[in-house]
Amino acid sequence: MPSHLWAALPHTAALALNPLDTTSLLTSLGALGVFAVLFAETGLLIGFFLPGDSLLFTAGLLCTTTTAGVHLSLPAVLAAAAAGALLGAQTGYLIGRRAGRPLLERSRNINLRRGAARAEELLARYGHGKAIVLARFVPVVRTVLNPLAGALGVPARTFTVWQVAGGLLWSLGVTLAGYLLGSTVPSVDKYLLPAVALMVIVSLIPVVLELRRHRRSATASPQPPGPFA
């Protein structure tokens with residue numbers, strides 16, 4: 001290939017990459033994209049908007065078919081998903097432990113503030129272990145619970161054990177769900193967009209239920225100011 005075409009490839013890939021589009025992420029970065037998104041979503045507060053659930057599901061589907069010239073390796077995707085989820089959560093915990101609650105209190109993003117309040121509620125209601133596992137399946141909450149756990153002084157051993165259990169259950173489970181669907185449905189690539197759209201809807205259900213719960217609570221009785229008010 002001529003040298004000028006090689007030089008143009010990174011620019012072309014950057015233009016094609018859309019971090020909110022799971023297919024774009026996977027066709028541009030492959031398994032590396034899975035690792036990067038999960039690490040950012042679970043370890044860095046700036047990653048709260050990233051599509052972790054739908055990305056995992058789509059990656060599983062792309063292990064059974066070829067779409068836009070891309071076919072992913074299931075072992076590589078599973079390894080990337082597990083590594084991103086586990087290393088991201090541990091990084092978020094360490095950041096929270098060192099930076100403390102001011103890291104979350106300074107945020108002006110309403111979604112992060114609500115997620116932080118919900119994460120603290122989960123920790124108080126279910127205890128450390130169950131809350132850490134459940135948070136993996138709730139968008140935004142899985143982003144803020146890790147630094148919040150560090151800020152609140154959850155023991156490192158306890159956090160590590162449960163975040164590994166929840167991280168593997170979430171990352172591998174959602175990926176394998178996509179893989180099983182792709183292995184079961186013939187020519188699943190024809191239904192890729194509807195399948196991903198369905199996964200996005202399913203992943204938003206906890207958010208919708210939480211919003212309804214919050215509105216009902218606010219209507220039933222006035223609430224005292226929360227820790228992030």
# chains A, B, ... in the order shown; residues from 1 in each chain; ligands from 1

$ residues_around --residues "A:Ala131" --least-positions-apart "2" --cutoff "10 Å" --atoms "only C-alpha atoms" --output "JSON list (two decimals) with N, CA and C atoms, in the first residue's frame"
[["chain", "number", "residue", "atom", "x", "y", "z"],
["A", 119, "ALA", "N", -26.31, 4.82, 44.58],
["A", 119, "ALA", "CA", -25.25, 3.90, 44.98],
["A", 119, "ALA", "C", -25.11, 3.86, 46.51],
["A", 120, "GLU", "N", -25.18, 5.04, 47.14],
["A", 120, "GLU", "CA", -25.07, 5.10, 48.60],
["A", 120, "GLU", "C", -26.26, 4.42, 49.25],
["A", 121, "GLU", "N", -27.42, 4.55, 48.62],
["A", 121, "GLU", "CA", -28.62, 3.89, 49.14],
["A", 121, "GLU", "C", -28.48, 2.38, 49.06],
["A", 122, "LEU", "N", -27.93, 1.89, 47.93],
["A", 122, "LEU", "CA", -27.72, 0.45, 47.77],
["A", 122, "LEU", "C", -26.77, -0.08, 48.84],
["A", 123, "LEU", "N", -25.69, 0.64, 49.08],
["A", 123, "LEU", "CA", -24.73, 0.21, 50.09],
["A", 123, "LEU", "C", -25.38, 0.15, 51.47],
["A", 124, "ALA", "N", -26.22, 1.13, 51.77],
["A", 124, "ALA", "CA", -26.86, 1.17, 53.08],
["A", 124, "ALA", "C", -27.93, 0.08, 53.21],
["A", 125, "ARG", "N", -28.67, -0.19, 52.14],
["A", 125, "ARG", "CA", -29.80, -1.11, 52.21],
["A", 125, "ARG", "C", -29.37, -2.57, 52.13],
["A", 126, "TYR", "N", -28.42, -2.89, 51.22],
["A", 126, "TYR", "CA", -28.08, -4.29, 50.97],
["A", 126, "TYR", "C", -26.74, -4.73, 51.56],
["A", 127, "GLY", "N", -25.97, -3.79, 52.06],
["A", 127, "GLY", "CA", -24.65, -4.17, 52.52],
["A", 127, "GLY", "C", -23.65, -4.14, 51.38],
["A", 128, "HIS", "N", -22.39, -4.21, 51.72],
["A", 128, "HIS", "CA", -21.34, -4.03, 50.72],
["A", 128, "HIS", "C", -21.40, -5.06, 49.59],
["A", 129, "GLY", "N", -21.42, -6.34, 49.93],
["A", 129, "GLY", "CA", -21.33, -7.37, 48.91],
["A", 129, "GLY", "C", -22.45, -7.33, 47.88],
["A", 133, "VAL", "N", -22.40, -6.07, 43.73],
["A", 133, "VAL", "CA", -22.80, -6.95, 42.62],
["A", 133, "VAL", "C", -23.99, -6.36, 41.86],
["A", 134, "LEU", "N", -25.02, -5.90, 42.58],
["A", 134, "LEU", "CA", -26.20, -5.35, 41.92],
["A", 134, "LEU", "C", -25.88, -4.12, 41.09],
["A", 135, "ALA", "N", -24.95, -3.30, 41.57],
["A", 135, "ALA", "CA", -24.62, -2.06, 40.86],
["A", 135, "ALA", "C", -24.09, -2.31, 39.46],
["A", 136, "ARG", "N", -23.49, -3.47, 39.24],
["A", 136, "ARG", "CA", -22.95, -3.79, 37.91],
["A", 136, "ARG", "C", -24.03, -3.76, 36.83],
["A", 142, "ARG", "N", -23.17, 1.78, 38.26],
["A", 142, "ARG", "CA", -21.94, 0.99, 38.22],
["A", 142, "ARG", "C", -20.71, 1.87, 38.01],
["A", 145, "LEU", "N", -20.49, 3.83, 41.93],
["A", 145, "LEU", "CA", -20.39, 3.07, 43.16],
["A", 145, "LEU", "C", -18.94, 2.74, 43.51],
["A", 162, "TRP", "N", -16.06, -8.86, 45.96],
["A", 162, "TRP", "CA", -17.40, -8.72, 45.40],
["A", 162, "TRP", "C", -17.41, -8.04, 44.04],
["A", 163, "GLN", "N", -16.47, -7.14, 43.79],
["A", 163, "GLN", "CA", -16.46, -6.51, 42.48],
["A", 163, "GLN", "C", -15.98, -7.51, 41.43],
["A", 166, "GLY", "N", -19.16, -9.74, 40.85],
["A", 166, "GLY", "CA", -20.15, -9.01, 40.05],
["A", 166, "GLY", "C", -19.65, -8.66, 38.68]]

$ select_by_dssp --residues "stretch 50-212 of chain A" --states "helix (DSSP H, G or I)" --output "PyMOL selection string"
chain A and resi 52-62+74-99+102-105+110-135+141-151+156-184+188-212

$ write_last_selection --atoms "C-alpha atoms" --output "tab-separated table (two decimals), in the first residue's frame"
chain	number	residue	atom	x	y	z
A	52	GLY	CA	-21.44	-0.94	28.34
A	53	ASP	CA	-24.44	-3.31	28.22
A	54	SER	CA	-25.18	-2.93	24.52
A	55	LEU	CA	-21.46	-3.08	23.65
A	56	LEU	CA	-21.03	-6.42	25.42
A	57	PHE	CA	-24.18	-7.83	23.82
A	58	THR	CA	-23.16	-6.66	20.34
A	59	ALA	CA	-19.64	-8.03	20.79
A	60	GLY	CA	-21.14	-11.40	21.63
A	61	LEU	CA	-23.26	-11.28	18.48
A	62	LEU	CA	-20.24	-10.35	16.34
A	74	LEU	CA	-15.09	-14.99	21.59
A	75	PRO	CA	-12.09	-15.78	23.85
A	76	ALA	CA	-10.54	-12.39	23.05
A	77	VAL	CA	-13.80	-10.54	23.73
A	78	LEU	CA	-14.40	-12.39	27.00
A	79	ALA	CA	-10.85	-11.68	28.16
A	80	ALA	CA	-11.13	-8.00	27.20
A	81	ALA	CA	-14.54	-7.66	28.85
A	82	ALA	CA	-13.40	-9.24	32.11
A	83	ALA	CA	-10.16	-7.24	32.20
A	84	GLY	CA	-11.90	-3.93	31.49
A	85	ALA	CA	-14.65	-4.52	34.04
A	86	LEU	CA	-12.35	-5.68	36.82
A	87	LEU	CA	-9.44	-3.28	36.33
A	88	GLY	CA	-11.86	-0.37	35.82
A	89	ALA	CA	-13.75	-1.03	39.04
A	90	GLN	CA	-10.54	-1.41	41.04
A	91	THR	CA	-9.19	1.82	39.57
A	92	GLY	CA	-12.40	3.66	40.45
A	93	TYR	CA	-12.19	2.35	44.01
A	94	LEU	CA	-8.58	3.52	44.40
A	95	ILE	CA	-9.45	6.96	42.98
A	96	GLY	CA	-12.32	7.30	45.44
A	97	ARG	CA	-10.19	6.16	48.34
A	98	ARG	CA	-7.53	8.77	47.61
A	99	ALA	CA	-9.73	11.65	46.43
A	102	PRO	CA	-15.28	15.71	47.26
A	103	LEU	CA	-14.58	13.93	43.96
A	104	LEU	CA	-18.28	13.11	43.65
A	105	GLU	CA	-19.61	16.20	45.40
A	110	ILE	CA	-27.34	15.50	37.48
A	111	ASN	CA	-27.08	11.89	36.31
A	112	LEU	CA	-23.88	11.34	38.26
A	113	ARG	CA	-25.36	12.96	41.36
A	114	ARG	CA	-28.45	10.78	41.18
A	115	GLY	CA	-26.29	7.75	40.54
A	116	ALA	CA	-24.16	8.55	43.57
A	117	ALA	CA	-27.22	8.93	45.78
A	118	ARG	CA	-28.60	5.63	44.49
A	119	ALA	CA	-25.25	3.90	44.98
A	120	GLU	CA	-25.07	5.10	48.60
A	121	GLU	CA	-28.62	3.89	49.14
A	122	LEU	CA	-27.72	0.45	47.77
A	123	LEU	CA	-24.73	0.21	50.09
A	124	ALA	CA	-26.86	1.17	53.08
A	125	ARG	CA	-29.80	-1.11	52.21
A	126	TYR	CA	-28.08	-4.29	50.97
A	127	GLY	CA	-24.65	-4.17	52.52
A	128	HIS	CA	-21.34	-4.03	50.72
A	129	GLY	CA	-21.33	-7.37	48.91
A	130	LYS	CA	-24.83	-7.42	47.45
A	131	ALA	CA	-24.75	-3.72	46.55
A	132	ILE	CA	-21.46	-4.03	44.67
A	133	VAL	CA	-22.80	-6.95	42.62
A	134	LEU	CA	-26.20	-5.35	41.92
A	135	ALA	CA	-24.62	-2.06	40.86
A	141	VAL	CA	-24.66	3.44	39.29
A	142	ARG	CA	-21.94	0.99	38.22
A	143	THR	CA	-19.79	4.03	37.36
A	144	VAL	CA	-20.16	5.90	40.65
A	145	LEU	CA	-20.39	3.07	43.16
A	146	ASN	CA	-16.73	2.11	42.80
A	147	PRO	CA	-15.22	5.49	43.75
A	148	LEU	CA	-18.00	5.93	46.32
A	149	ALA	CA	-17.05	2.63	47.95
A	150	GLY	CA	-13.47	3.85	48.19
A	151	ALA	CA	-14.55	7.22	49.59
A	156	ALA	CA	-10.33	-3.21	50.08
A	157	ARG	CA	-10.57	-6.99	50.46
A	158	THR	CA	-14.36	-6.92	50.65
A	159	PHE	CA	-14.65	-4.62	47.67
A	160	THR	CA	-12.23	-6.66	45.56
A	161	VAL	CA	-13.93	-9.99	46.23
A	162	TRP	CA	-17.40	-8.72	45.40
A	163	GLN	CA	-16.46	-6.51	42.48
A	164	VAL	CA	-14.69	-9.49	40.87
A	165	ALA	CA	-17.78	-11.66	41.38
A	166	GLY	CA	-20.15	-9.01	40.05
A	167	GLY	CA	-17.81	-7.92	37.27
A	168	LEU	CA	-17.42	-11.42	35.87
A	169	LEU	CA	-21.14	-12.16	36.17
A	170	TRP	CA	-22.03	-8.96	34.31
A	171	SER	CA	-19.32	-8.77	31.65
A	172	LEU	CA	-19.21	-12.45	30.75
A	173	GLY	CA	-22.95	-13.00	31.20
A	174	VAL	CA	-24.08	-10.22	28.86
A	175	THR	CA	-21.44	-11.13	26.27
A	176	LEU	CA	-22.44	-14.80	26.31
A	177	ALA	CA	-26.11	-13.81	26.04
A	178	GLY	CA	-25.31	-12.07	22.76
A	179	TYR	CA	-23.21	-15.01	21.63
A	180	LEU	CA	-25.96	-17.53	22.41
A	181	LEU	CA	-28.52	-15.45	20.54
A	182	GLY	CA	-26.23	-15.22	17.54
A	183	SER	CA	-25.59	-18.98	17.65
A	184	THR	CA	-29.31	-19.75	17.87
A	188	VAL	CA	-28.58	-12.93	13.01
A	189	ASP	CA	-26.61	-10.16	11.30
A	190	LYS	CA	-29.86	-9.19	9.55
A	191	TYR	CA	-31.38	-8.47	12.95
A	192	LEU	CA	-28.34	-6.85	14.51
A	193	LEU	CA	-29.82	-3.36	14.89
A	194	PRO	CA	-33.15	-4.55	16.37
A	195	ALA	CA	-31.28	-6.87	18.75
A	196	VAL	CA	-28.99	-4.09	19.94
A	197	ALA	CA	-31.94	-1.71	20.26
A	198	LEU	CA	-33.72	-4.30	22.42
A	199	MET	CA	-30.64	-4.64	24.60
A	200	VAL	CA	-30.45	-0.87	25.04
A	201	ILE	CA	-34.10	-0.80	26.10
A	202	VAL	CA	-33.56	-3.63	28.58
A	203	SER	CA	-30.49	-1.89	30.04
A	204	LEU	CA	-32.52	1.29	30.55
A	205	ILE	CA	-35.26	-0.45	32.52
A	206	PRO	CA	-33.45	-0.04	35.87
A	207	VAL	CA	-32.99	3.66	35.16
A	208	VAL	CA	-36.68	4.14	34.33
A	209	LEU	CA	-37.76	2.20	37.42
A	210	GLU	CA	-35.42	4.28	39.57
A	211	LEU	CA	-36.80	7.54	38.16
A	212	ARG	CA	-40.36	6.38	38.87

$ atom_distance --atom1 "atom CA of A:Gly30" --atom2 "atom CA of A:Leu72"
6.8 Å

$ atom_distance --atom1 "atom CA of A:Gly43" --atom2 "atom CA of A:Cys63"
25.8 Å

$ atom_distance --atom1 "atom CA of A:Phe49" --atom2 "atom CA of A:Val140"
7.3 Å

$ residues_around --residues "A:Glu41" --least-positions-apart "4" --cutoff "7 Å" --atoms "only C-alpha atoms" --output "MDAnalysis selection string"
chainID A and resid 37 47:48 50 143

$ write_last_selection --atoms "C-alpha atoms" --output "PDB file, in the first residue's frame"
ATOM      1  CA  VAL A  37     -15.155   1.205  27.157  1.00  0.00           C
ATOM      2  CA  GLY A  47     -17.330   7.233  31.262  1.00  0.00           C
ATOM      3  CA  PHE A  48     -20.823   7.145  32.786  1.00  0.00           C
ATOM      4  CA  LEU A  50     -20.733   4.862  27.568  1.00  0.00           C
ATOM      5  CA  THR A 143     -19.794   4.028  37.362  1.00  0.00           C
TER       6      THR A 143
END

$ decode --residues "stretch 8-158 of chain A" --atoms "C-alpha atoms" --output "tab-separated table (two decimals), in the first residue's frame"
chain	number	residue	atom	x	y	z
A	8	ALA	CA	-4.36	8.42	6.13
A	9	LEU	CA	-5.58	5.30	7.95
A	10	PRO	CA	-5.49	6.66	11.55
A	11	HIS	CA	-7.36	9.78	10.48
A	12	THR	CA	-9.97	7.71	8.64
A	13	ALA	CA	-10.43	5.41	11.64
A	14	ALA	CA	-10.83	8.39	13.97
A	15	LEU	CA	-13.52	9.84	11.74
A	16	ALA	CA	-15.34	6.50	11.61
A	17	LEU	CA	-15.20	5.93	15.37
A	18	ASN	CA	-18.30	6.91	17.30
A	19	PRO	CA	-17.94	6.10	21.03
A	20	LEU	CA	-21.73	5.97	21.46
A	21	ASP	CA	-22.23	3.55	18.57
A	22	THR	CA	-21.44	-0.02	19.58
A	23	THR	CA	-21.01	-1.24	16.00
A	24	SER	CA	-18.66	1.64	15.22
A	25	LEU	CA	-16.58	0.93	18.32
A	26	LEU	CA	-16.28	-2.76	17.57
A	27	THR	CA	-15.56	-2.41	13.86
A	28	SER	CA	-12.91	0.21	14.58
A	29	LEU	CA	-11.25	-1.23	17.69
A	30	GLY	CA	-12.43	-4.81	18.07
A	31	ALA	CA	-11.83	-6.44	21.45
A	32	LEU	CA	-9.64	-3.49	22.45
A	33	GLY	CA	-12.73	-1.29	22.23
A	34	VAL	CA	-14.52	-3.58	24.68
A	35	PHE	CA	-11.68	-3.24	27.17
A	36	ALA	CA	-11.43	0.55	26.77
A	37	VAL	CA	-15.16	1.20	27.16
A	38	LEU	CA	-15.62	-1.05	30.17
A	39	PHE	CA	-12.53	0.35	31.87
A	40	ALA	CA	-13.74	3.93	31.34
A	41	GLU	CA	-17.36	3.19	32.29
A	42	THR	CA	-16.51	1.39	35.52
A	43	GLY	CA	-13.33	3.21	36.50
A	44	LEU	CA	-13.62	6.83	35.41
A	45	LEU	CA	-16.53	9.15	36.16
A	46	ILE	CA	-16.30	10.61	32.66
A	47	GLY	CA	-17.33	7.23	31.26
A	48	PHE	CA	-20.82	7.15	32.79
A	49	PHE	CA	-22.46	7.74	29.37
A	50	LEU	CA	-20.73	4.86	27.57
A	51	PRO	CA	-22.88	1.93	26.31
A	52	GLY	CA	-21.44	-0.94	28.34
A	53	ASP	CA	-24.44	-3.31	28.22
A	54	SER	CA	-25.18	-2.93	24.52
A	55	LEU	CA	-21.46	-3.08	23.65
A	56	LEU	CA	-21.03	-6.42	25.42
A	57	PHE	CA	-24.18	-7.83	23.82
A	58	THR	CA	-23.16	-6.66	20.34
A	59	ALA	CA	-19.64	-8.03	20.79
A	60	GLY	CA	-21.14	-11.40	21.63
A	61	LEU	CA	-23.26	-11.28	18.48
A	62	LEU	CA	-20.24	-10.35	16.34
A	63	CYS	CA	-18.47	-13.48	17.55
A	64	THR	CA	-21.03	-15.53	15.63
A	65	THR	CA	-21.28	-13.54	12.41
A	66	THR	CA	-19.41	-11.12	10.19
A	67	THR	CA	-20.77	-7.57	10.00
A	68	ALA	CA	-19.10	-4.75	8.06
A	69	GLY	CA	-16.19	-7.11	7.49
A	70	VAL	CA	-15.68	-7.69	11.23
A	71	HIS	CA	-15.77	-11.02	13.03
A	72	LEU	CA	-14.65	-11.08	16.65
A	73	SER	CA	-13.00	-13.89	18.60
A	74	LEU	CA	-15.09	-14.99	21.59
A	75	PRO	CA	-12.09	-15.78	23.85
A	76	ALA	CA	-10.54	-12.39	23.05
A	77	VAL	CA	-13.80	-10.54	23.73
A	78	LEU	CA	-14.40	-12.39	27.00
A	79	ALA	CA	-10.85	-11.68	28.16
A	80	ALA	CA	-11.13	-8.00	27.20
A	81	ALA	CA	-14.54	-7.66	28.85
A	82	ALA	CA	-13.40	-9.24	32.11
A	83	ALA	CA	-10.16	-7.24	32.20
A	84	GLY	CA	-11.90	-3.93	31.49
A	85	ALA	CA	-14.65	-4.52	34.04
A	86	LEU	CA	-12.35	-5.68	36.82
A	87	LEU	CA	-9.44	-3.28	36.33
A	88	GLY	CA	-11.86	-0.37	35.82
A	89	ALA	CA	-13.75	-1.03	39.04
A	90	GLN	CA	-10.54	-1.41	41.04
A	91	THR	CA	-9.19	1.82	39.57
A	92	GLY	CA	-12.40	3.66	40.45
A	93	TYR	CA	-12.19	2.35	44.01
A	94	LEU	CA	-8.58	3.52	44.40
A	95	ILE	CA	-9.45	6.96	42.98
A	96	GLY	CA	-12.32	7.30	45.44
A	97	ARG	CA	-10.19	6.16	48.34
A	98	ARG	CA	-7.53	8.77	47.61
A	99	ALA	CA	-9.73	11.65	46.43
A	100	GLY	CA	-12.59	11.06	48.89
A	101	ARG	CA	-16.20	12.27	48.68
A	102	PRO	CA	-15.28	15.71	47.26
A	103	LEU	CA	-14.58	13.93	43.96
A	104	LEU	CA	-18.28	13.11	43.65
A	105	GLU	CA	-19.61	16.20	45.40
A	106	ARG	CA	-17.91	18.49	42.89
A	107	SER	CA	-19.75	16.91	39.98
A	108	ARG	CA	-22.44	19.09	38.44
A	109	ASN	CA	-23.86	16.35	36.23
A	110	ILE	CA	-27.34	15.50	37.48
A	111	ASN	CA	-27.08	11.89	36.31
A	112	LEU	CA	-23.88	11.34	38.26
A	113	ARG	CA	-25.36	12.96	41.36
A	114	ARG	CA	-28.45	10.78	41.18
A	115	GLY	CA	-26.29	7.75	40.54
A	116	ALA	CA	-24.16	8.55	43.57
A	117	ALA	CA	-27.22	8.93	45.78
A	118	ARG	CA	-28.60	5.63	44.49
A	119	ALA	CA	-25.25	3.90	44.98
A	120	GLU	CA	-25.07	5.10	48.60
A	121	GLU	CA	-28.62	3.89	49.14
A	122	LEU	CA	-27.72	0.45	47.77
A	123	LEU	CA	-24.73	0.21	50.09
A	124	ALA	CA	-26.86	1.17	53.08
A	125	ARG	CA	-29.80	-1.11	52.21
A	126	TYR	CA	-28.08	-4.29	50.97
A	127	GLY	CA	-24.65	-4.17	52.52
A	128	HIS	CA	-21.34	-4.03	50.72
A	129	GLY	CA	-21.33	-7.37	48.91
A	130	LYS	CA	-24.83	-7.42	47.45
A	131	ALA	CA	-24.75	-3.72	46.55
A	132	ILE	CA	-21.46	-4.03	44.67
A	133	VAL	CA	-22.80	-6.95	42.62
A	134	LEU	CA	-26.20	-5.35	41.92
A	135	ALA	CA	-24.62	-2.06	40.86
A	136	ARG	CA	-22.95	-3.79	37.91
A	137	PHE	CA	-26.34	-4.15	36.24
A	138	VAL	CA	-27.50	-0.54	36.69
A	139	PRO	CA	-26.15	2.06	34.23
A	140	VAL	CA	-24.47	5.10	35.85
A	141	VAL	CA	-24.66	3.44	39.29
A	142	ARG	CA	-21.94	0.99	38.22
A	143	THR	CA	-19.79	4.03	37.36
A	144	VAL	CA	-20.16	5.90	40.65
A	145	LEU	CA	-20.39	3.07	43.16
A	146	ASN	CA	-16.73	2.11	42.80
A	147	PRO	CA	-15.22	5.49	43.75
A	148	LEU	CA	-18.00	5.93	46.32
A	149	ALA	CA	-17.05	2.63	47.95
A	150	GLY	CA	-13.47	3.85	48.19
A	151	ALA	CA	-14.55	7.22	49.59
A	152	LEU	CA	-16.77	5.57	52.22
A	153	GLY	CA	-13.96	3.30	53.37
A	154	VAL	CA	-15.36	-0.07	52.23
A	155	PRO	CA	-12.56	-2.55	53.10
A	156	ALA	CA	-10.33	-3.21	50.08
A	157	ARG	CA	-10.57	-6.99	50.46
A	158	THR	CA	-14.36	-6.92	50.65
